[in-house]
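Asks: So that you have it, the file is input.cif, and it contains mmCIF, C-alpha atoms:
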```
data_run
#
loop_
_atom_site.label_atom_id
_atom_site.label_comp_id
_atom_site.auth_asym_id
_atom_site.auth_seq_id
_atom_site.Cartn_x
_atom_site.Cartn_y
_atom_site.Cartn_z
CA MET P 1 -168.89 11.95 -13.94
CA ALA P 2 -172.04 13.55 -12.58
CA GLY P 3 -170.11 16.75 -11.84
CA LEU P 4 -168.63 16.82 -15.34
CA ALA P 5 -172.02 16.21 -16.94
CA THR P 6 -173.61 18.96 -14.85
CA LEU P 7 -170.80 21.36 -15.78
CA TRP P 8 -171.28 20.45 -19.45
CA GLY P 9 -175.02 21.14 -19.23
CA HIS P 10 -174.60 24.47 -17.44
CA GLY P 11 -171.85 25.45 -19.88
CA LEU P 12 -174.03 24.72 -22.90
CA ARG P 13 -176.96 26.65 -21.49
CA ALA P 14 -174.75 29.61 -20.61
CA THR P 15 -173.09 29.39 -24.02
CA GLY P 16 -176.47 29.42 -25.68
CA ARG P 17 -177.54 32.49 -23.77
CA ARG P 18 -174.32 34.31 -24.61
CA ALA P 19 -174.58 33.44 -28.28
CA LEU P 20 -178.22 34.48 -28.51
CA GLU P 21 -177.64 37.68 -26.57
CA CYS P 22 -174.71 38.66 -28.81
CA GLY P 23 -176.43 41.00 -31.25
CA ALA P 24 -174.88 42.97 -34.08
CA PRO P 25 -173.85 46.57 -33.44
CA GLY P 26 -176.12 49.35 -34.67
CA LEU P 27 -175.66 50.35 -38.28
CA SER P 28 -175.37 53.96 -37.25
CA ARG P 29 -172.17 53.07 -35.40
CA ALA P 30 -170.74 51.19 -38.36
CA LEU P 31 -171.67 53.68 -41.10
CA HIS P 32 -168.78 56.11 -40.61
CA LEU P 33 -166.04 57.23 -42.94
CA HIS P 34 -162.48 56.35 -42.05
CA SER P 35 -162.08 60.01 -41.13
CA GLY P 36 -164.65 59.55 -38.36
CA THR P 37 -167.38 61.66 -39.99
CA PRO P 38 -170.80 60.04 -39.39
CA LEU P 39 -172.82 59.25 -42.49
CA LEU P 40 -176.07 59.05 -40.53
CA PRO P 41 -177.64 61.04 -37.71
CA PRO P 42 -177.60 59.41 -34.26
CA ARG P 43 -179.64 56.20 -34.06
CA SER P 44 -182.03 57.86 -31.61
CA ALA P 45 -183.00 60.35 -34.33
CA LEU P 46 -184.17 57.59 -36.64
CA PRO P 47 -187.35 55.50 -36.53
CA PRO P 48 -186.83 52.16 -34.70
CA PHE P 49 -185.04 49.54 -36.84
CA SER P 50 -185.21 51.80 -39.90
CA LEU P 51 -182.67 53.69 -41.94
CA PRO P 52 -183.29 56.41 -44.53
CA THR P 53 -182.79 55.76 -48.22
CA LEU P 54 -179.12 56.28 -49.04
CA GLY P 55 -179.13 55.65 -52.75
CA ARG P 56 -178.14 59.27 -53.36
CA VAL P 57 -174.78 61.04 -53.31
CA ILE P 58 -173.77 61.98 -49.77
CA GLN P 59 -171.48 64.94 -49.28
CA THR P 60 -168.84 64.48 -46.53
CA SER P 61 -165.57 66.05 -45.49
CA SER P 62 -163.78 63.37 -47.49
CA GLY P 63 -165.80 64.04 -50.64
CA PRO P 64 -168.96 62.53 -52.15
CA ILE P 65 -169.94 58.91 -51.63
CA THR P 66 -172.07 57.19 -54.20
CA GLY P 67 -173.84 53.88 -53.84
CA ARG P 68 -176.24 52.76 -51.16
CA LEU P 69 -175.18 51.92 -47.65
CA CYS P 70 -178.12 49.59 -47.13
CA SER P 71 -180.99 48.14 -49.08
CA THR P 72 -184.37 49.80 -48.66
CA ASP P 73 -187.93 48.57 -48.65
CA ALA P 74 -190.97 50.21 -50.19
CA SER P 75 -191.36 52.56 -47.24
CA GLY P 76 -187.82 53.84 -47.62
CA GLY P 77 -186.35 51.88 -44.72
CA ALA P 78 -184.55 48.62 -44.13
CA SER P 79 -184.12 46.58 -41.00
CA GLU P 80 -180.65 45.88 -39.77
CA GLY P 81 -181.39 42.16 -39.86
CA ASP P 82 -182.38 42.35 -43.53
CA VAL P 83 -179.13 44.08 -44.42
CA ARG P 84 -177.09 41.51 -42.52
CA GLN P 85 -178.90 38.55 -44.06
CA GLU P 86 -178.61 39.98 -47.56
CA LEU P 87 -174.87 40.47 -47.09
CA LEU P 88 -174.36 37.01 -45.58
CA ARG P 89 -176.25 35.22 -48.34
CA ALA P 90 -174.34 37.09 -51.03
CA SER P 91 -171.02 36.49 -49.23
CA MET P 92 -171.49 32.72 -49.43
CA THR P 93 -171.26 32.93 -53.24
CA HIS P 94 -167.71 34.26 -52.84
CA VAL P 95 -166.51 31.80 -50.18
CA GLY P 96 -165.41 29.25 -52.79
CA LYS P 97 -162.84 31.71 -54.15
CA LEU P 98 -162.09 33.94 -51.16
CA GLY P 99 -162.82 31.62 -48.23
CA PHE P 100 -164.60 32.58 -45.01
CA THR P 101 -162.97 36.00 -44.90
CA MET P 102 -163.83 39.69 -44.77
CA GLU P 103 -162.79 39.81 -48.42
CA ALA P 104 -165.81 37.65 -49.25
CA ILE P 105 -168.08 40.04 -47.32
CA HIS P 106 -166.59 43.10 -49.06
CA ALA P 107 -167.01 41.41 -52.45
CA ALA P 108 -170.66 40.75 -51.65
CA GLY P 109 -171.13 44.38 -50.59
CA ARG P 110 -169.70 45.64 -53.89
CA GLU P 111 -171.89 43.21 -55.80
CA LEU P 112 -175.01 44.48 -54.02
CA GLY P 113 -174.03 48.11 -54.46
CA PHE P 114 -173.30 48.76 -50.78
CA SER P 115 -170.69 51.17 -49.51
CA SER P 116 -167.62 49.36 -48.20
CA ALA P 117 -168.44 50.79 -44.75
CA VAL P 118 -171.51 48.59 -44.40
CA ALA P 119 -169.32 45.53 -43.79
CA ASN P 120 -168.54 47.02 -40.39
CA VAL P 121 -171.94 45.88 -39.11
CA PHE P 122 -170.19 42.56 -38.49
CA GLU P 123 -168.51 43.36 -35.19
CA ARG P 124 -167.00 39.86 -34.98
CA LYS P 125 -165.98 39.97 -38.63
CA GLU P 126 -165.75 36.69 -40.55
CA ALA P 127 -166.84 34.69 -37.50
CA GLU P 128 -170.39 35.85 -38.19
CA LEU P 129 -170.17 34.57 -41.76
CA ILE P 130 -169.02 31.19 -40.47
CA GLU P 131 -171.89 31.11 -37.97
CA HIS P 132 -174.32 31.86 -40.80
CA PHE P 133 -172.89 28.88 -42.69
CA LEU P 134 -173.21 26.62 -39.63
CA GLU P 135 -176.82 27.60 -39.09
CA ASP P 136 -177.66 27.16 -42.76
CA CYS P 137 -176.03 23.71 -42.88
CA ARG P 138 -177.86 22.56 -39.77
CA SER P 139 -181.16 23.74 -41.24
CA LYS P 140 -180.50 21.94 -44.53
CA MET P 141 -179.42 18.78 -42.70
CA ASN P 142 -182.64 18.73 -40.67
CA GLN P 143 -184.69 19.33 -43.79
CA GLU P 144 -183.08 16.44 -45.67
CA LEU P 145 -183.37 14.09 -42.69
CA GLU P 146 -187.03 15.04 -42.32
CA GLU P 147 -187.64 14.25 -46.00
CA ARG P 148 -185.99 10.85 -45.49
CA SER P 149 -187.80 10.16 -42.20
CA GLU P 150 -189.52 6.98 -43.42
CA GLU P 151 -186.21 5.55 -44.65
CA ILE P 152 -184.41 6.52 -41.45
CA ALA P 153 -187.13 5.09 -39.20
CA SER P 154 -186.25 1.55 -40.34
CA MET P 155 -182.54 1.98 -39.55
CA LYS P 156 -180.63 0.95 -36.45
CA ILE P 157 -179.39 3.71 -34.16
CA ARG P 158 -175.83 3.34 -35.48
CA GLU P 159 -177.05 3.80 -39.06
CA LYS P 160 -179.22 6.79 -38.13
CA ILE P 161 -176.30 8.60 -36.52
CA ALA P 162 -173.97 7.73 -39.40
CA THR P 163 -176.52 9.02 -41.91
CA ALA P 164 -176.90 12.32 -40.05
CA VAL P 165 -173.13 12.80 -39.84
CA ARG P 166 -172.70 12.04 -43.56
CA VAL P 167 -175.47 14.43 -44.58
CA ARG P 168 -173.89 17.23 -42.54
CA LEU P 169 -170.37 16.59 -43.82
CA LYS P 170 -171.57 16.55 -47.44
CA LEU P 171 -172.90 20.07 -46.93
CA MET P 172 -169.37 21.15 -45.97
CA ALA P 173 -167.74 19.38 -48.93
CA PRO P 174 -167.99 22.30 -51.40
CA HIS P 175 -166.02 24.48 -48.97
CA VAL P 176 -163.64 21.86 -47.62
CA GLU P 177 -160.54 23.75 -48.79
CA ALA P 178 -161.62 26.90 -46.97
CA TRP P 179 -162.66 25.09 -43.79
CA PRO P 180 -159.28 24.94 -41.98
CA ARG P 181 -159.27 28.73 -41.89
CA ALA P 182 -162.82 28.69 -40.52
CA VAL P 183 -161.80 26.22 -37.79
CA TYR P 184 -158.92 28.51 -36.84
CA VAL P 185 -161.23 31.56 -36.62
CA MET P 186 -163.82 29.75 -34.50
CA SER P 187 -161.14 28.43 -32.14
CA GLN P 188 -160.10 31.94 -31.14
CA PRO P 189 -161.12 32.95 -27.57
CA PRO P 190 -163.88 35.42 -28.57
CA ASN P 191 -165.54 32.74 -30.72
CA VAL P 192 -165.16 29.59 -28.62
CA ALA P 193 -168.49 30.02 -26.82
CA SER P 194 -170.38 30.36 -30.09
CA SER P 195 -168.49 27.43 -31.61
CA LEU P 196 -169.45 25.13 -28.72
CA TYR P 197 -173.04 26.34 -28.86
CA HIS P 198 -173.39 25.49 -32.56
CA LEU P 199 -171.73 22.11 -32.02
CA HIS P 200 -174.17 21.37 -29.18
CA LEU P 201 -177.17 22.23 -31.39
CA LEU P 202 -175.83 20.01 -34.17
CA VAL P 203 -175.26 16.86 -32.12
CA ASP P 204 -178.52 17.39 -30.25
CA ASP P 205 -180.38 17.44 -33.58
CA MET P 206 -178.57 14.28 -34.67
CA TRP P 207 -179.57 12.40 -31.52
CA HIS P 208 -183.13 13.67 -31.91
CA VAL P 209 -183.24 12.14 -35.40
CA ALA P 210 -181.89 8.90 -33.93
CA GLY P 211 -184.85 8.84 -31.53
CA ASP P 212 -182.92 9.49 -28.32
CA LYS P 213 -185.24 10.04 -25.37
CA SER P 214 -182.76 9.80 -22.51
CA THR P 215 -183.21 12.22 -19.60
CA ASP P 216 -180.43 11.01 -17.28
CA LEU P 217 -176.65 11.32 -17.47
CA ASN P 218 -176.72 9.45 -20.77
CA TRP P 219 -178.18 12.60 -22.36
CA TYR P 220 -174.89 14.40 -21.68
CA SER P 221 -172.52 11.53 -22.42
CA LYS P 222 -174.14 10.75 -25.78
CA ARG P 223 -173.78 14.32 -26.96
CA MET P 224 -170.23 14.64 -25.71
CA LEU P 225 -169.21 11.44 -27.51
CA LEU P 226 -170.96 12.37 -30.75
CA ALA P 227 -169.37 15.83 -30.66
CA GLY P 228 -165.99 14.07 -30.64
CA VAL P 229 -167.03 11.86 -33.56
CA TYR P 230 -168.23 14.77 -35.65
CA THR P 231 -165.28 17.10 -35.04
CA SER P 232 -162.72 14.34 -35.68
CA SER P 233 -164.56 13.36 -38.88
CA GLU P 234 -164.58 16.97 -40.01
CA LEU P 235 -160.82 17.27 -39.48
CA PHE P 236 -160.27 13.96 -41.28
CA MET P 237 -162.33 15.18 -44.22
CA VAL P 238 -160.25 18.32 -44.84
CA GLN P 239 -157.20 16.05 -45.32
CA ASP P 240 -158.97 13.35 -47.32
CA SER P 241 -157.82 13.14 -50.93
CA SER P 242 -159.77 9.97 -51.80
CA ARG P 243 -162.42 10.00 -54.50
CA ASP P 244 -165.75 11.41 -53.27
CA PHE P 245 -164.37 11.33 -49.71
CA GLU P 246 -164.69 7.54 -49.53
CA GLU P 247 -162.10 7.31 -46.76
CA THR P 248 -164.02 9.86 -44.71
CA TRP P 249 -167.19 7.74 -44.79
CA HIS P 250 -165.20 4.68 -43.65
CA PHE P 251 -163.69 6.78 -40.86
CA VAL P 252 -167.16 7.92 -39.76
CA ASP P 253 -168.38 4.32 -39.55
CA ARG P 254 -165.35 3.25 -37.50
CA GLN P 255 -165.68 6.17 -35.11
CA ILE P 256 -169.38 5.64 -34.52
CA SER P 257 -168.88 1.92 -33.85
CA ARG P 258 -166.11 2.68 -31.37
CA VAL P 259 -168.07 5.40 -29.60
CA LEU P 260 -171.28 3.38 -29.30
CA LYS P 261 -169.33 0.55 -27.66
CA LEU P 262 -167.66 3.03 -25.33
CA GLY P 263 -170.98 4.68 -24.57
CA LYS P 264 -172.61 1.35 -23.75
CA ALA P 265 -169.74 0.43 -21.42
CA GLY P 266 -170.00 3.80 -19.68
CA SER P 267 -173.76 3.47 -19.35
CA ASP P 268 -173.44 -0.03 -17.87
CA LEU P 269 -170.89 1.24 -15.37
CA LEU P 270 -173.14 4.12 -14.29
CA ASN P 271 -176.11 1.81 -13.95
CA PHE P 272 -174.02 -0.58 -11.84
CA PHE P 273 -173.11 2.14 -9.33
CA ALA P 274 -176.65 3.53 -9.38
CA SER P 275 -178.09 0.10 -8.55
CA ARG P 276 -175.77 -0.23 -5.56
CA GLY P 277 -176.73 3.20 -4.22
CA ALA P 278 -174.45 5.86 -2.87
CA PRO P 279 -172.57 4.87 0.31
CA SER P 280 -173.73 6.55 3.50
CA PRO P 281 -171.25 8.63 5.54
CA GLY P 282 -169.73 6.89 8.51
CA LYS P 283 -170.13 3.34 7.19
CA GLY P 284 -166.55 2.44 6.48
CA THR P 285 -166.11 4.76 3.48
CA ARG P 286 -162.70 6.30 3.05
CA VAL P 287 -162.05 9.87 1.95
#
```
Take the structure from the file and write it as structure tokens.
Replies:
Amino acid sequence: MAGLATLWGHGLRATGRRALECGAPGLSRALHLHSGTPLLPPRSALPPFSLPTLGRVIQTSSGPITGRLCSTDASGGASEGDVRQELLRASMTHVGKLGFTMEAIHAAGRELGFSSAVANVFERKEAELIEHFLEDCRSKMNQELEERSEEIASMKIREKIATAVRVRLKLMAPHVEAWPRAVYVMSQPPNVASSLYHLHLLVDDMWHVAGDKSTDLNWYSKRMLLAGVYTSSELFMVQDSSRDFEETWHFVDRQISRVLKLGKAGSDLLNFFASRGAPSPGKGTRV
């Protein structure tokens, strides 16, 4: 158990580093015509994190291109992060109809007046749109739980966890029909590390709201168990046809009750062995 918990902790930390270190490719790489003709000079020829105004007609070997390739600020430049965030926010307005797909990103680009080539800044394609949604939902969940902090403070731990899970699932409800596709995308090998990282952040925030202050092996086991509760509840929700997802909320309550009992039993077992101490070599222990 200790080895598994340690592996889980190292895996989450490594996952976090990989996810945070995974930046978007340079816009200069993405802003090419299908013919391979660059629309911009090399990135080294441009000011750091800035692109020239491209709201003019650009003459290329494939003919003129109208429309901007990126938004610009007052100084005539735009940061890559601003372009990405603008595209991601606009893409979410198309997810209801087009799902978490590149089609939603292209629709957002057209709406904002971008060239279709600008969507290529998303090296990992729709996975980056899904990650944006996950981050936004976690932020909104934390904000709502913070606003209800006085109400939550009077709850039992079981009720606190259930409330956090319900708040997060309700944020997914508007996109529940598109979510199976998102789950499929995030389960692909290139996206698994990021998926686990976001799940870790989510359950860690939930336990923080519940007032968890454990620093031993329980820290790992609680998060592993809650991760199972949340993911199973999410999968149940996408198949739930009951009114206002009533069956999902009953499922959440049942799962949390079961897991808390299991967690308590596991904690008692660990404490039992810890109180007895580890056996010393050469004193009748068998290998």
Asks: Counting all atoms listed in the file, what are the residues of range 184-214 of chain P within 12 Å of range 99-103 of chain P, and for each of them which pair of atoms is the nearest and at what distance in Å, to one decimal? Sort the table by chain and rising number, as CSV.
Replies:
```
residue,atom,partner,partner_atom,distance
P:Tyr184,CA,P:Phe100,CA,10.8
P:Val185,CA,P:Phe100,CA,9.1
P:Met186,CA,P:Phe100,CA,10.9
```
Asks: Choose the residue, out of P:Leu98, P:Leu129, P:Cys137, P:Ala227, that has the smallest atom-to-atom separation from Ala173 in chain P; count all atoms listed in the file.
Replies: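 Comparing P:Leu98, P:Leu129, P:Cys137, P:Ala227 against Ala173 in chain P, the winner is P:Cys137.
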Asks: Identify all residues satisfying the PyMOL selection byres ((chain P and resi 104) around 12) in the given file; provide them as a PyMOL selection string.
Replies: chain P and resi 87-103+105-111+116+119+125-126+129-130+178
Asks: So the first atom is CA of Met237 in chain P and the second is CA of Glu144 in chain P; what is the distance between them in Å, to one decimal place?
Replies: 20.8 Å
Asks: Between CA of Ser187 in chain P and CA of Thr163 in chain P, what is the spacing in Å?
Replies: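 CA of Ser187 in chain P lies at a distance of 26.6 Å from CA of Thr163 in chain P.
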Asks: Give me, as a list in words, all polymer residues having an atom no more than 12 Å from Val203 in chain P, counting all atoms listed in the file and skipping those fewer than 5 positions away in the same chain.
Replies: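 These residues fall inside the cut-off: Arg138, Met141, Asn142, Ile161, Ala162, Ala164, Val165, Arg168, Leu196, Tyr197, His198, His208, Val209, Ala210, Asp212, Trp219, Tyr220, Ser221, Lys222, Arg223, Met224, Leu225, Leu226, Ala227, Gly228, Val229, Tyr230 and Thr231 of chain P.
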Asks: Smallest atom-to-atom distance to Glu128 in chain P: which of P:Glu234, P:Ser257, P:Ala182, P:Asp244, using only C-alpha atoms?
Replies: P:Ala182
Asks: Work out how far CA of Arg124 in chain P is from CA of Ala193 in chain P, in Å to one decimal.
Replies: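 Calculated distance between CA of Ala193 in chain P and CA of Arg124 in chain P is 12.9 Å.
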Asks: Show me, as AutoDock Vina command-line options, the centre and edge lengths in Å to one decimal of the axis-aligned box that covers every listed atom of range 174-191 of chain P with 8 Å on each side.
Replies:
```
--center_x -163.5 --center_y 28.6 --center_z -39.5 --size_x 25.1 --size_y 29.6 --size_z 39.8
```
Asks: Pick out the closest residue to Thr248 in chain P from this set: P:His132, P:Lys140, P:Lys261, P:Arg166. Count all atoms listed in the file.
Replies: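 Once distances to Thr248 in chain P are computed over all atoms listed in the file, the minimum belongs to P:Arg166.
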